[in-house]
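K.L.:
As input, take my_file_15.cif (mmCIF, C-alpha atoms):
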data_run
loop_
_atom_site.label_atom_id
_atom_site.label_comp_id
_atom_site.auth_asym_id
_atom_site.auth_seq_id
_atom_site.Cartn_x
_atom_site.Cartn_y
_atom_site.Cartn_z
CA MET A 7 -12.68 98.67 45.37
CA PRO A 8 -10.68 96.18 47.52
CA MET A 9 -7.77 97.54 49.58
CA PHE A 10 -4.29 95.93 49.79
CA SER A 11 -3.87 93.91 52.94
CA SER A 12 -1.08 95.02 55.26
CA ARG A 13 0.81 91.78 54.47
CA LEU A 14 0.55 92.36 50.70
CA TRP A 15 1.66 96.00 51.08
CA LEU A 16 4.66 94.94 53.17
CA HIS A 17 5.65 92.39 50.49
CA ALA A 18 5.38 95.01 47.74
CA SER A 19 7.46 97.47 49.75
CA ARG A 20 10.19 94.90 50.24
CA CYS A 21 10.28 94.17 46.51
CA LEU A 22 10.54 97.87 45.74
CA PHE A 23 13.38 98.26 48.26
CA LEU A 24 15.29 95.35 46.74
CA PHE A 25 14.91 96.89 43.29
CA LEU A 26 16.25 100.29 44.38
CA VAL A 27 19.14 99.08 46.57
CA PRO A 28 21.69 96.63 45.06
CA ILE A 29 22.00 93.35 46.90
CA GLY A 30 24.88 93.54 49.38
CA ALA A 31 24.91 97.35 49.57
CA THR A 32 24.69 98.50 53.16
CA HIS A 33 25.62 102.17 52.79
CA ALA A 34 27.13 104.46 50.19
CA GLU A 35 30.95 104.58 50.21
CA THR A 36 32.58 107.95 50.81
CA HIS A 37 36.19 108.98 51.21
CA ALA A 38 35.59 109.50 54.92
CA ARG A 39 34.16 106.00 55.30
CA CYS A 40 37.09 104.55 53.32
CA ALA A 41 39.54 106.21 55.70
CA GLU A 42 37.48 105.17 58.72
CA GLN A 43 37.24 101.56 57.57
CA PHE A 44 40.99 101.07 57.05
CA ALA A 45 42.20 103.50 59.73
CA LEU A 46 45.48 104.38 57.98
CA ARG A 47 47.23 107.70 58.45
CA SER A 48 50.01 109.54 56.63
CA GLY A 49 53.34 108.41 58.10
CA GLU A 50 52.41 104.72 57.98
CA PRO A 51 55.67 102.69 57.91
CA GLY A 52 56.30 100.60 54.80
CA LYS A 53 58.80 98.11 53.42
CA ASP A 54 61.15 100.72 51.89
CA VAL A 55 59.75 104.13 52.92
CA MET A 56 56.94 105.41 55.08
CA TRP A 57 53.73 106.46 53.36
CA VAL A 58 53.27 110.23 53.23
CA ALA A 59 50.15 111.41 51.42
CA THR A 60 50.86 113.70 48.44
CA ILE A 61 49.13 117.09 48.45
CA ASP A 62 46.33 117.19 45.87
CA GLU A 63 47.73 120.25 44.08
CA VAL A 64 51.14 118.57 43.82
CA VAL A 65 49.53 115.43 42.35
CA SER A 66 47.98 117.52 39.56
CA ALA A 67 51.25 119.42 38.98
CA MET A 68 53.19 116.14 38.65
CA LEU A 69 50.74 114.72 36.12
CA ARG A 70 50.77 117.96 34.11
CA ALA A 71 54.60 117.94 34.13
CA ALA A 72 54.48 114.51 32.48
CA ASN A 73 51.92 115.74 29.91
CA VAL A 74 49.62 112.82 30.77
CA THR A 75 46.83 112.15 28.26
CA SER A 76 44.14 109.52 27.74
CA ARG A 77 46.64 107.53 25.64
CA ASP A 78 48.99 106.98 28.58
CA ARG A 79 49.50 104.08 30.94
CA VAL A 80 50.48 105.61 34.28
CA VAL A 81 52.15 103.54 37.00
CA ASP A 82 52.68 104.88 40.51
CA LEU A 83 55.39 103.08 42.47
CA GLY A 84 54.46 103.02 46.15
CA SER A 85 50.94 104.24 45.43
CA GLY A 86 49.75 104.60 49.05
CA ASP A 87 46.15 105.76 49.20
CA GLY A 88 45.91 105.83 45.39
CA LYS A 89 45.72 109.59 44.85
CA ILE A 90 47.99 109.70 41.81
CA PRO A 91 46.46 106.82 39.77
CA ILE A 92 42.95 108.06 40.59
CA ALA A 93 43.81 111.62 39.51
CA ALA A 94 45.47 110.34 36.31
CA ALA A 95 42.25 108.56 35.38
CA LYS A 96 39.77 111.19 36.59
CA GLN A 97 41.56 114.34 35.40
CA PHE A 98 43.34 113.07 32.27
CA GLY A 99 41.46 109.91 31.23
CA ALA A 100 44.57 107.71 31.46
CA GLN A 101 44.72 104.04 32.35
CA ALA A 102 46.54 103.87 35.68
CA ARG A 103 47.97 101.31 38.06
CA GLY A 104 49.35 101.58 41.57
CA ILE A 105 51.92 99.18 43.01
CA GLU A 106 51.89 99.16 46.81
CA TYR A 107 53.47 96.77 49.32
CA ASN A 108 51.01 97.41 52.17
CA PRO A 109 47.83 95.37 51.49
CA GLN A 110 45.71 97.67 53.67
CA LEU A 111 46.76 100.67 51.60
CA VAL A 112 45.81 98.72 48.47
CA GLN A 113 42.32 98.18 49.90
CA LEU A 114 42.08 101.84 50.91
CA ALA A 115 43.08 102.94 47.38
CA GLU A 116 40.53 100.59 45.81
CA CYS A 117 37.85 102.07 48.07
CA HIS A 118 38.77 105.62 47.01
CA ALA A 119 38.70 104.55 43.34
CA ARG A 120 35.16 103.22 43.76
CA VAL A 121 34.07 106.49 45.37
CA GLU A 122 35.52 108.44 42.43
CA ARG A 123 33.90 105.99 39.95
CA VAL A 124 37.18 105.24 38.13
CA ALA A 125 37.54 101.58 39.09
CA ASP A 126 37.23 100.68 35.40
CA LYS A 127 40.37 102.70 34.57
CA VAL A 128 42.43 102.21 37.74
CA SER A 129 43.86 99.10 39.37
CA PHE A 130 46.00 98.55 42.45
CA GLN A 131 48.43 95.71 42.94
CA GLN A 132 49.97 94.52 46.16
CA GLY A 133 53.62 93.92 45.40
CA ASP A 134 57.27 94.87 45.73
CA ILE A 135 58.27 97.63 43.30
CA PHE A 136 61.64 95.91 42.76
CA SER A 137 60.12 92.62 41.62
CA THR A 138 56.91 93.76 39.89
CA ASP A 139 56.94 94.31 36.13
CA PHE A 140 55.86 97.81 35.06
CA SER A 141 57.68 97.91 31.72
CA ASP A 142 54.43 98.69 29.86
CA ALA A 143 54.13 102.12 31.51
CA THR A 144 54.46 105.30 29.49
CA VAL A 145 54.56 107.42 32.68
CA VAL A 146 56.10 106.41 36.03
CA MET A 147 55.39 108.41 39.19
CA LEU A 148 57.60 108.32 42.29
CA TYR A 149 57.48 109.68 45.83
CA LEU A 150 60.11 107.52 47.49
CA SER A 151 63.60 108.57 48.67
CA PRO A 152 67.01 109.37 47.14
CA THR A 153 68.31 105.89 47.98
CA ILE A 154 65.30 104.08 46.50
CA ASN A 155 65.37 106.31 43.39
CA LEU A 156 68.99 105.34 42.76
CA LYS A 157 68.21 101.67 43.30
CA LEU A 158 65.39 101.95 40.73
CA ARG A 159 67.45 103.99 38.27
CA PRO A 160 68.85 101.09 36.17
CA THR A 161 65.32 99.72 35.70
CA LEU A 162 63.97 103.15 34.75
CA LEU A 163 66.80 103.79 32.27
CA GLY A 164 66.07 100.43 30.67
CA MET A 165 62.47 101.36 29.91
CA ARG A 166 61.21 102.29 26.46
CA PRO A 167 62.80 105.55 25.21
CA GLY A 168 60.35 108.40 25.67
CA THR A 169 58.92 107.06 28.95
CA ARG A 170 58.33 110.00 31.30
CA ILE A 171 59.35 109.72 34.94
CA VAL A 172 58.28 112.21 37.60
CA SER A 173 59.59 112.19 41.17
CA ASN A 174 58.18 114.23 44.01
CA THR A 175 60.96 115.95 46.03
CA PHE A 176 63.81 113.48 45.36
CA ASP A 177 66.20 113.52 42.38
CA MET A 178 68.48 110.84 40.89
CA ALA A 179 71.95 112.19 41.65
CA ASP A 180 74.02 112.62 38.47
CA TRP A 181 71.11 111.76 36.17
CA LYS A 182 69.99 115.36 35.94
CA PRO A 183 66.28 115.99 35.25
CA ASP A 184 65.06 117.30 31.91
CA ARG A 185 62.77 119.67 33.78
CA GLN A 186 62.16 120.81 37.35
CA VAL A 187 58.71 121.91 38.51
CA GLU A 188 58.36 124.18 41.53
CA SER A 189 55.11 124.21 43.51
CA LYS A 190 54.02 127.02 45.79
CA VAL A 191 52.02 124.51 47.82
CA GLY A 192 54.14 123.22 50.67
CA ASN A 193 57.33 124.52 48.97
CA THR A 194 57.58 121.24 47.07
CA ARG A 195 59.27 120.45 43.79
CA ALA A 196 59.09 117.66 41.26
CA PHE A 197 61.59 116.40 38.71
CA LEU A 198 60.87 115.13 35.19
CA TRP A 199 63.08 112.77 33.21
CA ILE A 200 62.44 111.42 29.72
CA VAL A 201 64.15 108.07 29.19
CA PRO A 202 66.75 108.63 26.43
CA SER A 203 67.61 106.34 23.53
CA ARG A 204 71.08 104.85 23.74
CA ILE A 205 73.07 106.14 20.76
CA GLU A 206 76.64 106.10 22.05
CA GLY A 207 79.20 104.94 19.50
CA ASP A 208 80.52 105.77 16.04
CA TRP A 209 78.02 106.80 13.35
CA GLN A 210 78.51 107.14 9.60
CA PHE A 211 76.34 109.90 8.11
CA ALA A 212 75.54 110.35 4.42
CA GLN A 213 73.69 113.29 2.95
CA ALA A 214 70.27 112.43 1.51
CA ALA A 215 70.26 113.43 -2.18
CA GLY A 216 73.84 114.68 -1.84
CA GLU A 217 77.46 113.61 -1.69
CA GLU A 218 78.53 114.92 1.71
CA SER A 219 79.42 112.34 4.39
CA PHE A 220 81.12 112.30 7.76
CA ILE A 221 81.63 110.19 10.88
CA LEU A 222 80.63 111.24 14.40
CA LYS A 223 81.80 109.70 17.65
CA LEU A 224 78.90 110.07 20.08
CA ARG A 225 79.72 109.96 23.78
CA GLN A 226 76.60 109.78 25.92
CA ASN A 227 76.09 110.55 29.60
CA PHE A 228 72.42 109.81 30.30
CA GLN A 229 70.57 112.30 28.02
CA ARG A 230 73.60 114.50 27.39
CA LEU A 231 75.99 114.14 24.46
CA GLU A 232 79.50 115.18 25.38
CA ALA A 233 82.15 116.87 23.27
CA SER A 234 84.37 114.57 21.21
CA HIS A 235 87.17 114.84 18.69
CA PRO A 236 86.80 113.87 15.02
CA SER A 237 86.38 110.11 14.86
CA GLU A 238 89.38 108.00 13.94
CA SER A 239 87.66 104.68 14.56
CA SER A 240 87.48 103.78 10.87
CA SER A 241 89.77 104.05 7.86
CA THR A 242 88.04 107.30 6.87
CA LYS A 243 88.92 110.13 9.21
CA SER A 244 86.20 112.75 9.75
CA ARG A 245 86.69 116.47 10.12
CA VAL A 246 83.41 116.76 12.08
CA ALA A 247 83.26 116.64 15.89
CA VAL A 248 80.55 116.92 18.53
CA GLN A 249 80.47 120.12 20.54
CA SER A 250 77.39 119.30 22.63
CA GLY A 251 73.98 117.70 22.34
CA ARG A 252 71.12 115.95 24.06
CA VAL A 253 68.75 113.04 23.64
CA LEU A 254 65.10 113.49 24.62
CA GLY A 255 63.46 110.10 24.25
CA THR A 256 63.92 109.35 20.55
CA GLN A 257 64.55 113.01 19.68
CA VAL A 258 68.16 114.08 19.15
CA GLU A 259 69.88 117.46 18.88
CA ILE A 260 73.63 117.71 18.21
CA VAL A 261 75.84 120.77 17.79
CA VAL A 262 78.84 119.87 15.60
CA LYS A 263 82.02 121.61 14.54
CA GLY A 264 83.63 121.19 11.13
CA LEU A 265 80.52 120.76 8.98
CA ASP A 266 80.36 124.51 8.26
CA ALA A 267 82.43 127.55 9.12
CA GLN A 268 80.37 128.02 12.30
CA PRO A 269 79.04 125.36 14.70
CA THR A 270 76.04 123.64 13.11
CA THR A 271 72.95 122.33 14.90
CA LEU A 272 71.59 119.01 13.65
CA SER A 273 68.22 117.83 14.93
CA GLY A 274 66.10 114.79 14.25
CA GLU A 275 65.19 111.39 15.68
CA ILE A 276 66.05 107.73 15.99
CA VAL A 277 64.01 105.60 13.57
CA GLY A 278 64.79 101.91 13.95
CA ASP A 279 68.54 101.55 13.55
CA ARG A 280 68.95 104.88 11.74
CA LEU A 281 69.60 108.37 13.04
CA LEU A 282 67.84 110.93 10.83
CA LEU A 283 69.22 114.46 11.24
CA ALA A 284 68.81 117.77 9.44
CA THR A 285 70.47 121.15 9.69
CA THR A 286 68.27 123.83 11.24
CA ASN A 287 69.41 126.74 9.06
CA PRO A 288 66.31 128.04 7.22
CA GLY A 289 66.48 128.06 3.43
CA ALA A 290 69.41 125.67 3.17
CA ILE A 291 68.33 122.55 4.99
CA ARG A 292 70.53 119.50 4.51
CA ARG A 293 69.36 116.07 5.60
CA PHE A 294 71.59 113.22 6.73
CA VAL A 295 71.01 109.53 7.42
CA GLY A 296 73.25 107.95 10.02
CA ARG A 297 74.01 104.29 10.64
CA GLN A 298 76.05 102.98 13.52
CA LEU A 299 79.40 101.45 12.59
#
Would you write out, as structure tokens, the structure that this file holds?
P.N.:
Amino acid sequence: MPMFSSRLWLHASRCLFLFLVPIGATHAETHARCAEQFALRSGEPGKDVMWVATIDEVVSAMLRAANVTSRDRVVDLGSGDGKIPIAAAKQFGAQARGIEYNPQLVQLAECHARVERVADKVSFQQGDIFSTDFSDATVVMLYLSPTINLKLRPTLLGMRPGTRIVSNTFDMADWKPDRQVESKVGNTRAFLWIVPSRIEGDWQFAQAAGEESFILKLRQNFQRLEASHPSESSSTKSRVAVQSGRVLGTQVEIVVKGLDAQPTTLSGEIVGDRLLLATTNPGAIRRFVGRQL
């Protein structure tokens, strides 16, 4: 039986090697090689703040605080090495995007995403967070500074009601968080806000399948509804006044005086241009439909 010549064997070996190793692949990427290739370290100066890598356990805690799911679109402003978008995709199945000013950090993040095999769910964009559109996000992650948070605040408040915002370490002054998360790792904390619907103004409420009606003057300070007197903004004066309340995305809870002998809690949601509320007393639920005057 004839034997392969050495030249034929060498040709076959080369073909086999080309089949097993993709063209252009020189070595497998690892996180260590990504870091070595781009030689960036925590503390890297940036346009607005320096880059400080977020601790892995804090990244997971921030994403859990926002209740991230596979239905979410997560955007990380100042995404650095890409930890947060990568974790959002890998741990929670979300689509995620990082916006980072430093182009080398963008390349580093893309390298890490390839290593974690989530490049199909994660993208990184070189850009300025103040001029890049991220209005499609359902979750926004921040690790910036108090000054930058305040500068971003009008944009964040203008996002779709229900958008969740989580900031590592830094708050937003008088816009108090809806929740604060403490971490035992590094004595860090994170703050969660849920963008509230804007419902300030005078509302006319009518009872569904009933004759009761009243007017409420709603005064809003971020997600909080402040106490007000019975509304006199229309020809029909109302005996009902707001004692307190809050707006959580499109969900609304208001404590009113004057509807019953005791303060009454009304809860419900914004649906289009209507405010649908119901009393919470079991067994005697009354439902009201409100329209802004």
K.L.:
Is it possible to get the residues within 12 Å of (79.6, 122.7, 9.4) (coordinates as in the file, counting all atoms listed in the file) written as a tab-separated table (two decimals) with C-alpha atoms, in the frame of the given file?
P.N.:
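What ended up in point.tsv:
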chain	number	residue	atom	x	y	z
A	218	GLU	CA	78.53	114.92	1.71
A	219	SER	CA	79.42	112.34	4.39
A	220	PHE	CA	81.12	112.30	7.76
A	244	SER	CA	86.20	112.75	9.75
A	245	ARG	CA	86.69	116.47	10.12
A	246	VAL	CA	83.41	116.76	12.08
A	247	ALA	CA	83.26	116.64	15.89
A	248	VAL	CA	80.55	116.92	18.53
A	249	GLN	CA	80.47	120.12	20.54
A	260	ILE	CA	73.63	117.71	18.21
A	261	VAL	CA	75.84	120.77	17.79
A	262	VAL	CA	78.84	119.87	15.60
A	263	LYS	CA	82.02	121.61	14.54
A	264	GLY	CA	83.63	121.19	11.13
A	265	LEU	CA	80.52	120.76	8.98
A	266	ASP	CA	80.36	124.51	8.26
A	267	ALA	CA	82.43	127.55	9.12
A	268	GLN	CA	80.37	128.02	12.30
A	269	PRO	CA	79.04	125.36	14.70
A	270	THR	CA	76.04	123.64	13.11
A	271	THR	CA	72.95	122.33	14.90
A	272	LEU	CA	71.59	119.01	13.65
A	284	ALA	CA	68.81	117.77	9.44
A	285	THR	CA	70.47	121.15	9.69
A	286	THR	CA	68.27	123.83	11.24
A	287	ASN	CA	69.41	126.74	9.06
A	292	ARG	CA	70.53	119.50	4.51
K.L.:
Determine the residue set returned by the PyMOL selection byres ((chain A and resi 106-115) around 7) for the present structure, and present it as a ChimeraX atom specification.
P.N.:
/A:40-41,44,52-53,83-88,104-105,116-119,130-134
K.L.:
For the file shown, what are the residues hit by the PyMOL selection byres ((chain A and resi 184-188) around 9), laid out as a PyMOL selection string?
P.N.:
chain A and resi 67-68+71+182-183+189-191+193-200+229+254
K.L.:
Just give me the residues with any atom within 8 Å of (58.9, 109.3, 36.5), file coordinates, counting all atoms listed in the file, written as an NGL selection string.
P.N.:
:A and (72 or 145-148 or 169-173 or 197-200)
K.L.:
Since I can't run it myself right now, could you work out what the PyMOL selection byres ((chain A and resi 279) around 12) selects here and report it as a compact mmCIF listing (two decimals) with C-alpha atoms, keeping the file's coordinate frame?
P.N.:
# COMPACT_ATOMS: atom_id res chain seq x y z
CA SER A 203 67.61 106.34 23.53
CA ARG A 204 71.08 104.85 23.74
CA ILE A 205 73.07 106.14 20.76
CA TRP A 209 78.02 106.80 13.35
CA THR A 256 63.92 109.35 20.55
CA GLU A 275 65.19 111.39 15.68
CA ILE A 276 66.05 107.73 15.99
CA VAL A 277 64.01 105.60 13.57
CA GLY A 278 64.79 101.91 13.95
CA ARG A 280 68.95 104.88 11.74
CA LEU A 281 69.60 108.37 13.04
CA LEU A 282 67.84 110.93 10.83
CA VAL A 295 71.01 109.53 7.42
CA GLY A 296 73.25 107.95 10.02
CA ARG A 297 74.01 104.29 10.64
CA GLN A 298 76.05 102.98 13.52
CA LEU A 299 79.40 101.45 12.59
K.L.:
For a test of reading the model, state the distance in Å between CA of Ala59 in chain A and CA of Met178 in chain A, rounded to one decimal.
P.N.:
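These atoms are spaced 21.1 Å apart.
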K.L.:
Mind working out the centre and edge lengths of an axis-aligned box for range 145-151 of chain A, all listed atoms inside, 5 Å added to each side, rounded to one decimal in Å and written as lines of an AutoDock Vina configuration file?
P.N.:
center_x = 59.1
center_y = 108.0
center_z = 40.7
size_x = 19.0
size_y = 13.3
size_z = 26.0
